[in-house]
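Novice: Below is a structure I'd like to ask you about.
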Amino acid sequence: MYPVVFLALIATIGTWSVTALGAATVVFFKSPHTRLLNLMLGFASGVMIAASFWSLLQPAIERAQARHGAPAYLVATAGFLGGAVFMWLSDKAVSYARGRTEHISVRSDEQMNRIVMLILSITLHNIPEGLAVGVAFGALQGGYTTESLMGAVTIAIGIGLQNFPEGAAVSIPLRREGFSRKKSFFLGQASGIVEPLAGLSGALLVVYVEAILPFALSFAAGAMILVAVHELIPECQKNQKNQPYSATMGIVFGFAVMMLLDVMLG
């Protein structure tokens with residue numbers, strides 16, 4: 001196995017582990033600390049938005065320009081839109097699955113349907129997140145610098161941070177619905193198991209088909225931006241009557257940290 005593929009697998013196992021850690025909070029708490037989760041989601045959003053440009057889009061454009069094929073702006077734009085459309089279609093699939101669940105469920109409880117929707121949604125959007133990490137590490141094939149390695153690592157860290165509240169967001173509602181702590185934890189961590197599989201696939205793809213690397217990097221950026229803007233930012237802005245700027249400052253701080261690391265090391 002290529003070293004970068006192994007690194008991608010290790011990194012995505014790490015992000016899955018953070019999901020499991022978040023799901024494990026069900027053992028200790030009936031509900032998460034809202035302000036802390038909002039800060040974490042905000043910070044992860046800022047990291048993901050910054051990483052989408054400095055660690056994914058910018059390298060994609062540079063690599064596309066170096067290949068002297070299709071215009072770099074077309075490759076980057078097509079990949080970026082492709083990633084966003086992929087996530088949009090994933091959400092559509094979730095909506096369809098939710099409709100089917102409402103018809104076949106033996107329980108007509110709307111809250112339970114929302115929980116099923118949440119599990120499916122988080123599992124689906126973990127796929128492009130795993131791909132983003134895998135592509136970032138796969139791009140290191142053939143030689144890499146400290147800066148590029150740090151970029152891939154920070155993408156994994158950013159995704160891992162936002163996986164913690166996701167794990168809790170699945171396991172805690174299940175516990176409230178009467179599931180055992182063990183079963184709530186198992187289902188919560190299982191929502192992240194797709195990340196190592198997607199990460200491994202993404203890394204292998206760019207290693208063996210290097211020509212698609214600029215498109216793949218842009219694709220990962222589009223998926224990450226849609227997740228951050230459509231899901232994480234609205235979620236972290238909820239329930240902020242007492243601390244209306246806590247999540248917003250988390251976004252700003254996360255973006256600043258990622259920008260600092262990329263620019264300083266670059």
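Residue numbering restarts at 1 for every chain of the structure tokens, chains are lettered A, B, ... in their displayed order, and ligands are numbered from 1 as they appear.
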Could you pull out the alpha helix (DSSP H) residues of region 32-247 of chain A, going by DSSP on the backbone, and write them as a PyMOL selection string?
Specialist: chain A and resi 34-51+58-67+72-104+110-138+146-176+181-190+194-208+213-226+233-236+246-247
Novice: Using only C-alpha atoms, which protein or nucleic acid residues come within 6 Å of Ala23 (chain A)? Drop anything in the same chain fewer than 4 positions from it, and give the result as a VMD selection string.
Specialist: chain A and resid 167 to 168 171 185 188 to 189
Novice: May I have the residues from that selection written out with N, CA, C and O atoms, as an mmCIF file, in the first residue's frame?
Specialist:
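What follows is the written file part_5.cif:
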```cif
data_model
loop_
_atom_site.group_PDB
_atom_site.id
_atom_site.type_symbol
_atom_site.label_atom_id
_atom_site.label_comp_id
_atom_site.auth_asym_id
_atom_site.auth_seq_id
_atom_site.Cartn_x
_atom_site.Cartn_y
_atom_site.Cartn_z
ATOM 1 N N GLY A 167 -21.469 12.966 16.559
ATOM 2 C CA GLY A 167 -21.659 11.709 17.283
ATOM 3 C C GLY A 167 -22.626 11.870 18.440
ATOM 4 O O GLY A 167 -23.512 11.030 18.663
ATOM 5 N N ALA A 168 -22.483 12.991 19.178
ATOM 6 C CA ALA A 168 -23.398 13.271 20.285
ATOM 7 C C ALA A 168 -24.802 13.548 19.780
ATOM 8 O O ALA A 168 -25.796 13.179 20.417
ATOM 9 N N SER A 171 -26.341 9.980 19.236
ATOM 10 C CA SER A 171 -26.499 9.073 20.376
ATOM 11 C C SER A 171 -27.428 9.621 21.455
ATOM 12 O O SER A 171 -28.229 8.876 22.036
ATOM 13 N N PHE A 185 -24.787 4.500 21.805
ATOM 14 C CA PHE A 185 -23.386 4.732 21.445
ATOM 15 C C PHE A 185 -23.041 4.021 20.138
ATOM 16 O O PHE A 185 -22.398 4.600 19.256
ATOM 17 N N GLY A 188 -24.501 5.809 17.223
ATOM 18 C CA GLY A 188 -23.866 7.112 17.066
ATOM 19 C C GLY A 188 -22.511 7.020 16.388
ATOM 20 O O GLY A 188 -22.215 7.778 15.459
ATOM 21 N N GLN A 189 -21.694 6.076 16.829
ATOM 22 C CA GLN A 189 -20.367 5.945 16.217
ATOM 23 C C GLN A 189 -20.446 5.322 14.832
ATOM 24 O O GLN A 189 -19.606 5.595 13.970
#
```
Novice: Which residues, written as a list in words, have at least one atom at most 8 Å from Ser191 (chain A), with only C-alpha atoms counted and residues fewer than 6 positions away on the same chain left out?
Specialist: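 Selected residues are Thr19, Ile119, Leu120, Ile122, Thr123, Asn126 and Gly167 of chain A.
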Novice: Find the residues near Gly160 (chain A): any atom within 12 Å, counting only C-alpha atoms, skip ones fewer than 2 places away on the same chain, and give them as a PyMOL selection string.
Specialist: chain A and resi 11-22+40-41+43-45+47-48+126+129-130+133+153-158+162-167+192+195
Novice: Record the distance separating CA of Ala76 (chain A) and CA of Leu213 (chain A), expressed in Å with one decimal.
Specialist: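 These two atoms are separated by 10.5 Å.
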